[in-house]
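Shown here: structure_3.csv, CSV, C-alpha atoms and all ligand atoms.
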chain,number,residue,atom,x,y,z
W,1405,MET,CA,-47.7,-43.2,-4.7
W,1406,GLN,CA,-44.1,-44.1,-4.0
W,1407,PRO,CA,-42.1,-44.4,-7.2
W,1408,THR,CA,-41.1,-48.0,-7.9
W,1409,LEU,CA,-37.5,-49.2,-8.0
W,1410,GLN,CA,-38.5,-52.5,-9.5
W,1411,THR,CA,-36.3,-53.1,-12.5
W,1412,ASN,CA,-36.4,-55.8,-15.1
W,1413,PHE,CA,-32.9,-57.1,-16.2
W,1414,LEU,CA,-32.8,-59.7,-18.9
W,1415,GLY,CA,-36.2,-61.0,-17.9
W,1416,LEU,CA,-35.6,-61.1,-14.2
W,1417,ASP,CA,-37.4,-58.7,-11.9
W,1418,LEU,CA,-35.2,-57.0,-9.3
W,1419,ALA,CA,-36.5,-55.2,-6.3
W,1420,SER,CA,-33.8,-52.5,-6.7
W,1421,PRO,CA,-31.5,-51.5,-9.6
W,1422,LEU,CA,-28.6,-51.4,-7.2
W,1423,VAL,CA,-25.9,-54.1,-7.6
W,1424,LEU,CA,-23.0,-55.1,-5.5
W,1425,PRO,CA,-20.1,-55.3,-8.0
W,1426,ALA,CA,-17.4,-58.0,-8.1
W,1427,GLY,CA,-14.9,-58.3,-5.3
W,1428,ILE,CA,-16.1,-55.6,-2.9
W,1429,MET,CA,-17.3,-57.5,0.1
W,1430,GLY,CA,-14.6,-60.1,0.6
W,1431,LEU,CA,-14.6,-63.7,-0.5
W,1432,SER,CA,-17.2,-65.5,1.6
W,1433,TYR,CA,-20.9,-65.7,1.0
W,1434,SER,CA,-21.7,-63.7,4.2
W,1435,GLY,CA,-20.5,-60.4,2.6
W,1436,LEU,CA,-22.9,-60.9,-0.3
W,1437,ALA,CA,-25.7,-61.8,2.1
W,1438,VAL,CA,-25.2,-58.5,4.1
W,1439,ALA,CA,-25.4,-56.4,0.9
W,1440,ALA,CA,-28.5,-58.3,-0.2
W,1441,ARG,CA,-30.1,-57.8,3.2
W,1442,LYS,CA,-29.2,-54.1,3.1
W,1443,GLY,CA,-31.0,-53.3,-0.1
W,1444,ALA,CA,-28.9,-54.5,-3.1
W,1445,GLY,CA,-31.1,-55.9,-5.8
W,1446,MET,CA,-28.4,-58.2,-7.1
W,1447,VAL,CA,-24.9,-59.2,-5.9
W,1448,THR,CA,-21.8,-60.2,-7.7
W,1449,THR,CA,-19.1,-62.7,-6.5
W,1450,LYS,CA,-15.4,-61.9,-6.5
W,1451,SER,CA,-14.0,-62.8,-9.9
W,1452,PHE,CA,-13.0,-66.5,-9.7
W,1453,THR,CA,-10.1,-68.1,-11.6
W,1454,LEU,CA,-9.6,-71.8,-12.3
W,1455,GLN,CA,-7.0,-72.1,-9.5
W,1456,PRO,CA,-7.0,-70.3,-6.2
W,1457,ARG,CA,-4.9,-67.1,-6.0
W,1458,THR,CA,-3.4,-65.5,-2.9
W,1459,GLY,CA,-3.3,-62.1,-4.6
W,1460,HIS,CA,-0.8,-59.3,-4.1
W,1461,LYS,CA,1.1,-58.5,-0.8
W,1462,GLY,CA,-0.3,-55.7,1.3
W,1463,PRO,CA,-0.9,-52.8,1.4
W,1464,VAL,CA,-3.4,-53.6,-1.4
W,1465,VAL,CA,-5.7,-50.6,-0.8
W,1466,ALA,CA,-5.0,-46.9,-0.4
W,1467,GLU,CA,-7.2,-43.9,-0.1
W,1468,TRP,CA,-6.6,-40.3,-1.2
W,1469,SER,CA,-8.9,-37.2,-1.5
W,1470,GLY,CA,-10.3,-38.3,-4.9
W,1471,GLY,CA,-11.0,-42.0,-4.1
W,1472,MET,CA,-9.3,-45.3,-3.7
W,1473,LEU,CA,-6.5,-47.3,-5.3
W,1474,ASN,CA,-6.6,-51.1,-5.2
W,1475,SER,CA,-4.3,-53.8,-6.2
W,1476,MET,CA,-5.9,-56.9,-4.7
W,1477,GLY,CA,-4.3,-59.0,-7.4
W,1478,LEU,CA,-7.3,-61.3,-8.1
W,1479,CYS,CA,-7.2,-63.0,-4.7
W,1480,ASN,CA,-9.9,-65.7,-4.8
W,1481,PRO,CA,-10.4,-69.3,-3.6
W,1482,GLY,CA,-10.8,-70.6,-7.2
W,1483,ILE,CA,-13.9,-71.5,-9.0
W,1484,GLU,CA,-14.8,-74.7,-7.1
W,1485,GLU,CA,-14.6,-73.2,-3.6
W,1486,GLY,CA,-16.2,-70.0,-5.0
W,1487,LEU,CA,-19.2,-72.0,-6.2
W,1488,LYS,CA,-19.5,-73.6,-2.7
W,1489,GLU,CA,-19.8,-70.1,-1.2
W,1490,LEU,CA,-22.5,-69.4,-3.7
W,1491,HIS,CA,-24.3,-72.6,-2.5
W,1492,ALA,CA,-24.0,-71.3,1.1
W,1493,PHE,CA,-25.4,-67.9,0.0
W,1494,ARG,CA,-28.4,-69.6,-1.5
W,1495,GLU,CA,-29.3,-71.1,1.9
W,1496,VAL,CA,-29.7,-67.6,3.3
W,1497,SER,CA,-30.9,-65.4,0.4
W,1498,THR,CA,-33.0,-65.5,-2.7
W,1499,THR,CA,-31.3,-62.3,-4.1
W,1500,PRO,CA,-30.1,-62.9,-7.7
W,1501,VAL,CA,-26.3,-63.5,-8.1
W,1502,ILE,CA,-23.9,-62.7,-10.9
W,1503,ILE,CA,-20.9,-65.1,-10.9
W,1504,SER,CA,-17.8,-63.3,-12.0
W,1505,VAL,CA,-14.9,-65.2,-13.6
W,1506,PHE,CA,-11.5,-64.2,-14.9
W,1507,GLY,CA,-9.5,-66.2,-17.4
W,1508,THR,CA,-6.2,-65.5,-19.1
W,1509,SER,CA,-7.3,-67.1,-22.4
W,1510,ARG,CA,-10.5,-68.1,-24.3
W,1511,GLU,CA,-10.0,-71.7,-23.2
W,1512,GLU,CA,-9.9,-70.7,-19.6
W,1513,PHE,CA,-13.1,-68.6,-19.9
W,1514,VAL,CA,-14.9,-71.5,-21.6
W,1515,GLU,CA,-13.9,-73.9,-18.9
W,1516,LEU,CA,-14.9,-71.4,-16.1
W,1517,ALA,CA,-18.3,-71.0,-17.9
W,1518,ARG,CA,-18.7,-74.7,-18.1
W,1519,ARG,CA,-18.3,-75.0,-14.4
W,1520,THR,CA,-20.8,-72.3,-13.6
W,1521,ASN,CA,-23.4,-74.2,-15.7
W,1522,ARG,CA,-23.9,-76.5,-12.7
W,1523,SER,CA,-24.4,-73.6,-10.2
W,1524,THR,CA,-27.3,-71.7,-8.8
W,1525,GLY,CA,-26.0,-68.4,-10.2
W,1526,ASN,CA,-28.3,-66.2,-12.3
W,1527,PHE,CA,-25.8,-64.5,-14.6
W,1528,LEU,CA,-22.2,-65.0,-15.7
W,1529,GLU,CA,-19.9,-62.0,-15.7
W,1530,LEU,CA,-16.7,-62.3,-17.8
W,1531,ASN,CA,-14.1,-60.0,-16.2
W,1532,LEU,CA,-12.2,-58.9,-19.3
W,1533,SER,CA,-10.8,-55.9,-17.6
W,1534,CYS,CA,-8.8,-56.4,-14.3
W,1535,PRO,CA,-6.2,-53.6,-14.4
W,1536,ASN,CA,-3.9,-55.2,-11.7
W,1537,VAL,CA,-2.4,-58.3,-13.3
W,1538,ALA,CA,-0.7,-56.8,-16.4
W,1539,ASP,CA,2.7,-57.9,-15.0
W,1540,GLU,CA,1.5,-61.5,-15.1
W,1541,PHE,CA,-1.0,-61.6,-18.0
W,1542,GLY,CA,-0.4,-58.5,-20.1
W,1543,THR,CA,-2.9,-55.9,-21.2
W,1544,PRO,CA,-6.6,-56.5,-20.2
W,1545,LEU,CA,-8.4,-58.6,-22.8
W,1546,SER,CA,-11.1,-56.0,-23.3
W,1547,ALA,CA,-8.5,-53.7,-24.9
W,1548,SER,CA,-8.8,-56.0,-28.0
W,1549,GLN,CA,-12.0,-56.2,-30.1
W,1550,GLU,CA,-10.8,-59.6,-31.4
W,1551,GLU,CA,-10.2,-61.1,-28.0
W,1552,VAL,CA,-13.5,-59.8,-26.7
W,1553,SER,CA,-15.4,-61.2,-29.7
W,1554,SER,CA,-13.7,-64.6,-29.6
W,1555,ILE,CA,-14.1,-65.1,-25.8
W,1556,ILE,CA,-17.7,-64.1,-25.8
W,1557,TYR,CA,-18.6,-66.1,-28.9
W,1558,HIS,CA,-17.1,-69.3,-27.5
W,1559,VAL,CA,-18.5,-68.9,-24.0
W,1560,LYS,CA,-22.0,-68.2,-25.4
W,1561,LYS,CA,-21.8,-71.5,-27.3
W,1562,ILE,CA,-21.7,-73.4,-24.0
W,1563,SER,CA,-23.0,-71.2,-21.3
W,1564,ARG,CA,-26.4,-71.9,-19.6
W,1565,LEU,CA,-26.3,-68.5,-17.9
W,1566,PRO,CA,-26.8,-65.2,-19.7
W,1567,VAL,CA,-23.4,-63.6,-20.2
W,1568,ILE,CA,-22.4,-60.1,-19.0
W,1569,ALA,CA,-19.1,-58.7,-20.3
W,1570,LYS,CA,-17.2,-56.4,-17.9
W,1571,LEU,CA,-15.3,-53.8,-19.9
W,1572,SER,CA,-12.3,-51.7,-19.2
W,1573,PRO,CA,-12.4,-47.9,-19.2
W,1574,ASN,CA,-8.8,-47.8,-20.3
W,1575,VAL,CA,-9.5,-47.9,-24.0
W,1576,TYR,CA,-10.0,-45.3,-26.7
W,1577,ARG,CA,-12.6,-47.2,-28.6
W,1578,ILE,CA,-15.3,-48.2,-26.1
W,1579,ARG,CA,-18.0,-48.1,-28.8
W,1580,GLU,CA,-16.2,-50.5,-31.1
W,1581,ILE,CA,-15.4,-52.9,-28.2
W,1582,ALA,CA,-19.0,-52.8,-26.9
W,1583,SER,CA,-20.3,-53.4,-30.4
W,1584,ALA,CA,-18.0,-56.4,-30.8
W,1585,ALA,CA,-19.3,-57.8,-27.5
W,1586,GLU,CA,-22.8,-57.4,-28.7
W,1587,ALA,CA,-22.1,-58.9,-32.1
W,1588,ALA,CA,-20.4,-61.9,-30.4
W,1589,GLY,CA,-23.6,-62.6,-28.4
W,1590,ALA,CA,-23.1,-60.9,-25.0
W,1591,ASP,CA,-26.4,-60.5,-23.2
W,1592,ALA,CA,-25.4,-57.4,-21.3
W,1593,LEU,CA,-22.4,-55.2,-20.5
W,1594,SER,CA,-20.9,-54.0,-17.2
W,1595,LEU,CA,-18.8,-50.9,-17.0
W,1596,ILE,CA,-16.5,-49.5,-15.8
W,1597,ASN,CA,-13.8,-51.5,-14.1
W,1598,THR,CA,-11.3,-49.4,-12.2
W,1599,LEU,CA,-9.3,-46.8,-14.1
W,1600,GLY,CA,-5.6,-46.6,-14.7
W,1601,PRO,CA,-3.8,-48.1,-12.9
W,1602,GLY,CA,-2.3,-45.2,-11.0
W,1603,MET,CA,0.1,-44.7,-8.1
W,1604,LEU,CA,0.3,-43.0,-4.7
W,1605,ILE,CA,3.5,-42.2,-2.9
W,1606,ASP,CA,4.2,-42.1,0.8
W,1607,ARG,CA,6.4,-39.0,1.0
W,1608,LYS,CA,7.9,-39.9,4.4
W,1609,MET,CA,8.8,-43.4,3.3
W,1610,GLY,CA,9.8,-42.2,-0.1
W,1611,LYS,CA,8.1,-45.2,-1.8
W,1612,PRO,CA,4.8,-46.2,-3.3
W,1613,ILE,CA,2.0,-46.8,-0.8
W,1614,LEU,CA,0.8,-50.0,-2.5
W,1615,HIS,CA,3.1,-52.9,-2.3
W,1616,ASN,CA,2.4,-53.7,-5.9
W,1617,ARG,CA,3.2,-49.9,-6.6
W,1618,PHE,CA,0.2,-49.5,-9.1
W,1619,GLY,CA,-3.5,-50.0,-8.6
W,1620,GLY,CA,-6.9,-49.3,-10.2
W,1621,LEU,CA,-8.7,-46.1,-9.3
W,1622,SER,CA,-12.2,-46.1,-8.0
W,1623,GLY,CA,-14.5,-43.7,-6.1
W,1624,PRO,CA,-15.8,-40.2,-6.8
W,1625,CYS,CA,-13.0,-39.1,-9.1
W,1626,ILE,CA,-13.9,-41.6,-11.8
W,1627,LYS,CA,-17.7,-40.8,-12.0
W,1628,PRO,CA,-17.4,-38.4,-15.0
W,1629,ILE,CA,-15.4,-40.9,-17.0
W,1630,ALA,CA,-17.9,-43.7,-16.1
W,1631,LEU,CA,-20.8,-41.5,-17.2
W,1632,LYS,CA,-19.2,-40.6,-20.5
W,1633,LEU,CA,-18.3,-44.2,-21.3
W,1634,ILE,CA,-21.7,-45.5,-20.4
W,1635,TYR,CA,-23.3,-42.8,-22.4
W,1636,GLU,CA,-21.2,-43.6,-25.5
W,1637,THR,CA,-21.8,-47.3,-25.0
W,1638,TYR,CA,-25.5,-46.9,-24.7
W,1639,SER,CA,-25.7,-45.1,-28.0
W,1640,ALA,CA,-23.6,-47.8,-29.7
W,1641,VAL,CA,-25.4,-51.0,-28.6
W,1642,SER,CA,-28.9,-52.2,-27.6
W,1643,LEU,CA,-27.7,-54.3,-24.6
W,1644,PRO,CA,-28.6,-53.5,-21.0
W,1645,ILE,CA,-25.8,-51.9,-19.1
W,1646,ILE,CA,-24.8,-52.3,-15.5
W,1647,GLY,CA,-23.2,-48.9,-14.9
W,1648,MET,CA,-20.7,-48.2,-12.1
W,1649,GLY,CA,-17.9,-45.9,-11.1
W,1650,GLY,CA,-18.0,-43.4,-8.3
W,1651,VAL,CA,-21.7,-43.8,-7.3
W,1652,LEU,CA,-22.2,-42.5,-3.7
W,1653,THR,CA,-25.7,-41.0,-3.8
W,1654,GLY,CA,-29.1,-41.3,-5.3
W,1655,GLU,CA,-28.3,-38.4,-7.5
W,1656,ASP,CA,-25.2,-40.2,-8.9
W,1657,ALA,CA,-27.4,-43.3,-9.5
W,1658,ILE,CA,-29.9,-41.3,-11.5
W,1659,GLU,CA,-27.2,-39.7,-13.5
W,1660,MET,CA,-26.0,-43.3,-14.4
W,1661,ILE,CA,-29.5,-44.2,-15.5
W,1662,MET,CA,-29.7,-41.1,-17.6
W,1663,ALA,CA,-26.4,-41.9,-19.2
W,1664,GLY,CA,-27.9,-45.3,-20.2
W,1665,ALA,CA,-27.5,-47.7,-17.3
W,1666,THR,CA,-30.3,-50.2,-16.5
W,1667,LEU,CA,-28.6,-51.2,-13.2
W,1668,ILE,CA,-26.2,-49.3,-11.1
W,1669,GLY,CA,-23.2,-50.8,-9.3
W,1670,ILE,CA,-22.1,-49.5,-5.9
W,1671,GLY,CA,-18.7,-50.7,-4.7
W,1672,THR,CA,-16.3,-48.1,-3.3
W,1673,GLY,CA,-19.3,-46.1,-2.1
W,1674,ILE,CA,-19.6,-48.7,0.7
W,1675,TYR,CA,-16.2,-47.5,2.0
W,1676,TYR,CA,-17.6,-43.9,2.3
W,1677,ARG,CA,-21.2,-44.6,3.6
W,1678,GLY,CA,-21.1,-48.1,5.0
W,1679,ILE,CA,-23.1,-51.1,3.8
W,1680,ASP,CA,-26.3,-49.1,4.5
W,1681,ILE,CA,-25.5,-47.2,1.3
W,1682,PHE,CA,-27.8,-49.5,-0.6
W,1683,ASN,CA,-30.9,-48.7,1.5
W,1684,LEU,CA,-29.8,-45.0,1.6
W,1685,VAL,CA,-29.4,-44.7,-2.2
W,1686,ASN,CA,-32.7,-46.6,-2.8
W,1687,GLU,CA,-34.4,-44.1,-0.6
W,1688,GLU,CA,-32.7,-41.1,-2.2
W,1689,ILE,CA,-33.6,-42.3,-5.7
W,1690,ARG,CA,-37.3,-42.7,-4.6
W,1691,ARG,CA,-37.3,-39.2,-3.1
W,1692,LEU,CA,-35.7,-37.6,-6.1
W,1693,LEU,CA,-38.0,-39.3,-8.6
W,1694,SER,CA,-41.0,-38.3,-6.5
W,1695,ASN,CA,-39.9,-34.7,-6.3
W,1696,ASP,CA,-39.5,-34.6,-10.0
W,1697,GLY,CA,-42.9,-36.3,-10.6
W,1698,TYR,CA,-41.7,-39.7,-12.0
W,1699,ASP,CA,-43.5,-42.9,-11.0
W,1700,GLY,CA,-40.5,-45.2,-11.7
W,1701,ILE,CA,-36.9,-45.3,-13.0
W,1702,ALA,CA,-37.8,-46.5,-16.4
W,1703,ARG,CA,-39.3,-43.0,-17.0
W,1704,ILE,CA,-36.0,-41.2,-16.7
W,1705,GLN,CA,-34.3,-43.3,-19.3
W,1706,ARG,CA,-37.1,-42.8,-21.7
W,1707,LEU,CA,-36.8,-39.0,-21.2
W,1708,GLU,CA,-33.1,-39.2,-22.1
W,1709,LYS,CA,-33.9,-41.2,-25.3
W,1710,LEU,CA,-36.4,-38.5,-26.3
W,1711,ARG,CA,-33.7,-35.8,-25.9
W,1712,GLU,CA,-31.3,-37.5,-28.4
D,1,LIG,O1,-8.5,-58.2,-7.8
D,1,LIG,C1,-8.2,-57.1,-8.3
D,1,LIG,O2,-7.0,-56.6,-8.2
D,1,LIG,C2,-9.1,-56.4,-9.1
D,1,LIG,C3,-9.9,-56.9,-10.1
D,1,LIG,BR1,-10.0,-58.8,-10.4
D,1,LIG,C4,-10.7,-56.1,-10.9
D,1,LIG,O3,-11.4,-56.5,-11.9
D,1,LIG,N1,-10.7,-54.8,-10.7
D,1,LIG,C5,-9.9,-54.2,-9.7
D,1,LIG,O4,-9.9,-53.0,-9.5
D,1,LIG,N2,-9.2,-55.0,-8.9

What is this file in structure tokens?
Amino acid sequence: MQPTLQTNFLGLDLASPLVLPAGIMGLSYSGLAVAARKGAGMVTTKSFTLQPRTGHKGPVVAEWSGGMLNSMGLCNPGIEEGLKELHAFREVSTTPVIISVFGTSREEFVELARRTNRSTGNFLELNLSCPNVADEFGTPLSASQEEVSSIIYHVKKISRLPVIAKLSPNVYRIREIASAAEAAGADALSLINTLGPGMLIDRKMGKPILHNRFGGLSGPCIKPIALKLIYETYSAVSLPIIGMGGVLTGEDAIEMIMAGATLIGIGTGIYYRGIDIFNLVNEEIRRLLSNDGYDGIARIQRLEKLRE
């Protein structure tokens, strides 16, 4: 019998544990729809802000041997237009959707959550961890236990949708921050956002490649850090975790599950293997589970728990 990839996440059955993370497939509903059609079990919108944002000047993306650097700068059409795209997505797909939002204060997050209450989204992701807007807004909110607690607590008071907190890898105390999110009422966690930021230099031009100079790191080089932070978080909280960071193959995805992830995000991997990566990784997970004698992904997590 083929191992099943069906995964329950906060009471919802997904056909696959693979998730399209926020901001990967552009701003329109069609990018989400392609990922859903190509095997993603759930898709996430770009992080929406209250007002539209044009984002940073290009180049906003650069590649090097270890992965990618991005400084999109939170470009998005604003929450109202974003929810219209979600409506359009619903006409073509039944795949569950996480609506991601970004605010600069507790009040903004609460207002964004209020607007998503009227939507057809399944979950609300609070992006507490964009690494690329420090010039405008300062350190990512998820660097502070107090900010994390306060935002989640107030959003939870009014949100109709279950709340997922997206955390930053750029902290020393991930366990404390994850625990604060849990205590404040978060329903799930998503980690990791991009690492850094870092910088790449164009030697011939003698200047940084990204117009914004600095950008968040993603891709294969961040996988070990993602695994370690997911592993630590899993041992600190009992919330489901959407784990991501450098997943390119079925093997990477299984490592994420063993570290403690319930669902696995694939973002930069699309750049390396194309949008077919979702179907490819689904197939690779099935094959690896079958080779190792497991009938489903829940089994590998249980094994890891037993080892502790
Ligand atoms: O738009 C971005 O620059 C961006 C965001 Br909001 C984020 O959360 N993570 C990232 O790497 N880039």

So what do you get for atom CA of W:Gly1589 versus atom CA of W:Pro1425, distance-wise? 21.9 Å

Between atom CA of W:Gly1649 and atom CA of W:Thr1453, measure the distance and give it in Å to one decimal.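 One can read the atom CA of W:Gly1649 to atom CA of W:Thr1453 distance as 23.5 Å.
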
Skip W:Glu1550 itself and residues of its chain fewer than 3 positions away, then list as a PyMOL selection string all residues within 12 Å of it, counting all atoms listed in the file. chain W and resi 1510+1545-1547+1553-1557+1580-1585+1587-1588

Write out as a ChimeraX atom specification each polymer residue whose atoms come within 9 Å of W:Glu1687, counting all atoms listed in the file; drop sequence neighbours fewer than 5 positions from it. /W:1654,1682,1692

Residues at most 9 Å from ligand LIG 1 (chain D), using all atoms listed in the file? Could they come as a ChimeraX atom specification? /W:1426-1427,1450-1452,1459-1460,1464,1473-1480,1505-1506,1531-1537,1570,1572,1597-1599,1601,1619-1622

Got time to write the residues from that selection, C-alpha atoms, as a PDB file, keeping the file's coordinate frame?
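To be explicit, this is the file written out as part_0.pdb:
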ATOM      1  CA  ALA W1426     -17.400 -58.000  -8.100  1.00  0.00           C
ATOM      2  CA  GLY W1427     -14.900 -58.300  -5.300  1.00  0.00           C
ATOM      3  CA  LYS W1450     -15.400 -61.900  -6.500  1.00  0.00           C
ATOM      4  CA  SER W1451     -14.000 -62.800  -9.900  1.00  0.00           C
ATOM      5  CA  PHE W1452     -13.000 -66.500  -9.700  1.00  0.00           C
ATOM      6  CA  GLY W1459      -3.300 -62.100  -4.600  1.00  0.00           C
ATOM      7  CA  HIS W1460      -0.800 -59.300  -4.100  1.00  0.00           C
ATOM      8  CA  VAL W1464      -3.400 -53.600  -1.400  1.00  0.00           C
ATOM      9  CA  LEU W1473      -6.500 -47.300  -5.300  1.00  0.00           C
ATOM     10  CA  ASN W1474      -6.600 -51.100  -5.200  1.00  0.00           C
ATOM     11  CA  SER W1475      -4.300 -53.800  -6.200  1.00  0.00           C
ATOM     12  CA  MET W1476      -5.900 -56.900  -4.700  1.00  0.00           C
ATOM     13  CA  GLY W1477      -4.300 -59.000  -7.400  1.00  0.00           C
ATOM     14  CA  LEU W1478      -7.300 -61.300  -8.100  1.00  0.00           C
ATOM     15  CA  CYS W1479      -7.200 -63.000  -4.700  1.00  0.00           C
ATOM     16  CA  ASN W1480      -9.900 -65.700  -4.800  1.00  0.00           C
ATOM     17  CA  VAL W1505     -14.900 -65.200 -13.600  1.00  0.00           C
ATOM     18  CA  PHE W1506     -11.500 -64.200 -14.900  1.00  0.00           C
ATOM     19  CA  ASN W1531     -14.100 -60.000 -16.200  1.00  0.00           C
ATOM     20  CA  LEU W1532     -12.200 -58.900 -19.300  1.00  0.00           C
ATOM     21  CA  SER W1533     -10.800 -55.900 -17.600  1.00  0.00           C
ATOM     22  CA  CYS W1534      -8.800 -56.400 -14.300  1.00  0.00           C
ATOM     23  CA  PRO W1535      -6.200 -53.600 -14.400  1.00  0.00           C
ATOM     24  CA  ASN W1536      -3.900 -55.200 -11.700  1.00  0.00           C
ATOM     25  CA  VAL W1537      -2.400 -58.300 -13.300  1.00  0.00           C
ATOM     26  CA  LYS W1570     -17.200 -56.400 -17.900  1.00  0.00           C
ATOM     27  CA  SER W1572     -12.300 -51.700 -19.200  1.00  0.00           C
ATOM     28  CA  ASN W1597     -13.800 -51.500 -14.100  1.00  0.00           C
ATOM     29  CA  THR W1598     -11.300 -49.400 -12.200  1.00  0.00           C
ATOM     30  CA  LEU W1599      -9.300 -46.800 -14.100  1.00  0.00           C
ATOM     31  CA  PRO W1601      -3.800 -48.100 -12.900  1.00  0.00           C
ATOM     32  CA  GLY W1619      -3.500 -50.000  -8.600  1.00  0.00           C
ATOM     33  CA  GLY W1620      -6.900 -49.300 -10.200  1.00  0.00           C
ATOM     34  CA  LEU W1621      -8.700 -46.100  -9.300  1.00  0.00           C
ATOM     35  CA  SER W1622     -12.200 -46.100  -8.000  1.00  0.00           C
TER      36      SER W1622
END

Give me the residues near stretch 1567-1569 of chain W as a ChimeraX atom specification, where near means some atom within 7 Å (using only C-alpha atoms) and where sequence neighbours in that chain fewer than 5 positions away do not count. /W:1527-1532,1590-1594

When you draw a straight line from atom CA of W:Gly1471 to atom CA of W:Pro1644, how long is it in Å? 27.0 Å

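Residues within 12 Å of W:Ala1437, counting only C-alpha atoms and excluding same-chain residues fewer than 5 positions away, are W:Leu1424, W:Met1429, W:Gly1430, W:Leu1431, W:Ser1432, W:Lys1442, W:Gly1443, W:Ala1444, W:Gly1445, W:Met1446, W:Val1447, W:Thr1448, W:Thr1449, W:Glu1489, W:Leu1490, W:His1491, W:Ala1492, W:Phe1493, W:Arg1494, W:Glu1495, W:Val1496, W:Ser1497, W:Thr1498, W:Thr1499, W:Pro1500, W:Val1501, W:Ile1679.
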
Would you kindly return, as a list in words, each protein, DNA or RNA residue with an atom no farther than 8 Å from any atom of W:Arg1690, considering all atoms listed in the file and excluding same-chain residues fewer than 4 positions away? Gln1406, Pro1407, Thr1408, Leu1409, Asn1686 and Ser1694 of chain W

Which of W:Ile1701, W:Leu1604, W:Ile1483, W:Ile1629 sits closest to W:Glu1512 [using only C-alpha atoms]: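 Closest residue, counting only C-alpha atoms: W:Ile1483.
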
Pick out the closest residue to W:Gly1671 from this set: W:Met1648, W:Leu1414, W:Leu1693, W:Ile1626. Count all atoms listed in the file.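 Ranking W:Met1648, W:Leu1414, W:Leu1693, W:Ile1626 by distance to W:Gly1671, first place goes to W:Met1648.
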
Starting from the incomplete input, reconstruct N, CA, C and O atoms of stretch 1448-1459 of chain W and write that as a CSV table (one decimal), in the coordinates of the input.
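Saved file selection-v3.csv follows:
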chain,number,residue,atom,x,y,z
W,1448,THR,N,-22.7,-59.6,-6.8
W,1448,THR,CA,-21.8,-60.2,-7.7
W,1448,THR,C,-20.6,-60.8,-6.8
W,1448,THR,O,-20.2,-60.2,-5.9
W,1449,THR,N,-20.2,-62.0,-7.2
W,1449,THR,CA,-19.1,-62.7,-6.5
W,1449,THR,C,-17.8,-62.0,-6.8
W,1449,THR,O,-17.7,-61.2,-7.8
W,1450,LYS,N,-16.7,-62.3,-6.1
W,1450,LYS,CA,-15.4,-61.9,-6.5
W,1450,LYS,C,-15.1,-62.6,-7.8
W,1450,LYS,O,-15.7,-63.7,-8.1
W,1451,SER,N,-14.3,-62.1,-8.7
W,1451,SER,CA,-14.0,-62.8,-9.9
W,1451,SER,C,-13.2,-64.1,-9.6
W,1451,SER,O,-12.1,-64.0,-8.9
W,1452,PHE,N,-13.7,-65.2,-10.0
W,1452,PHE,CA,-13.0,-66.5,-9.7
W,1452,PHE,C,-12.2,-66.9,-10.9
W,1452,PHE,O,-12.5,-66.8,-12.1
W,1453,THR,N,-11.0,-67.5,-10.5
W,1453,THR,CA,-10.1,-68.1,-11.6
W,1453,THR,C,-10.2,-69.6,-11.4
W,1453,THR,O,-10.8,-70.1,-10.5
W,1454,LEU,N,-9.5,-70.3,-12.4
W,1454,LEU,CA,-9.6,-71.8,-12.3
W,1454,LEU,C,-8.9,-72.3,-11.0
W,1454,LEU,O,-9.5,-73.2,-10.4
W,1455,GLN,N,-7.8,-71.7,-10.7
W,1455,GLN,CA,-7.0,-72.1,-9.5
W,1455,GLN,C,-7.1,-71.0,-8.5
W,1455,GLN,O,-7.2,-69.9,-8.9
W,1456,PRO,N,-7.0,-71.4,-7.2
W,1456,PRO,CA,-7.0,-70.3,-6.2
W,1456,PRO,C,-5.8,-69.4,-6.4
W,1456,PRO,O,-4.8,-69.8,-6.9
W,1457,ARG,N,-6.0,-68.1,-5.9
W,1457,ARG,CA,-4.9,-67.1,-6.0
W,1457,ARG,C,-4.8,-66.4,-4.7
W,1457,ARG,O,-5.8,-66.0,-4.2
W,1458,THR,N,-3.6,-66.2,-4.2
W,1458,THR,CA,-3.4,-65.5,-2.9
W,1458,THR,C,-3.5,-64.0,-3.2
W,1458,THR,O,-3.8,-63.2,-2.2
W,1459,GLY,N,-3.3,-63.5,-4.3
W,1459,GLY,CA,-3.3,-62.1,-4.6
W,1459,GLY,C,-2.0,-61.4,-4.3
W,1459,GLY,O,-1.0,-62.1,-3.9
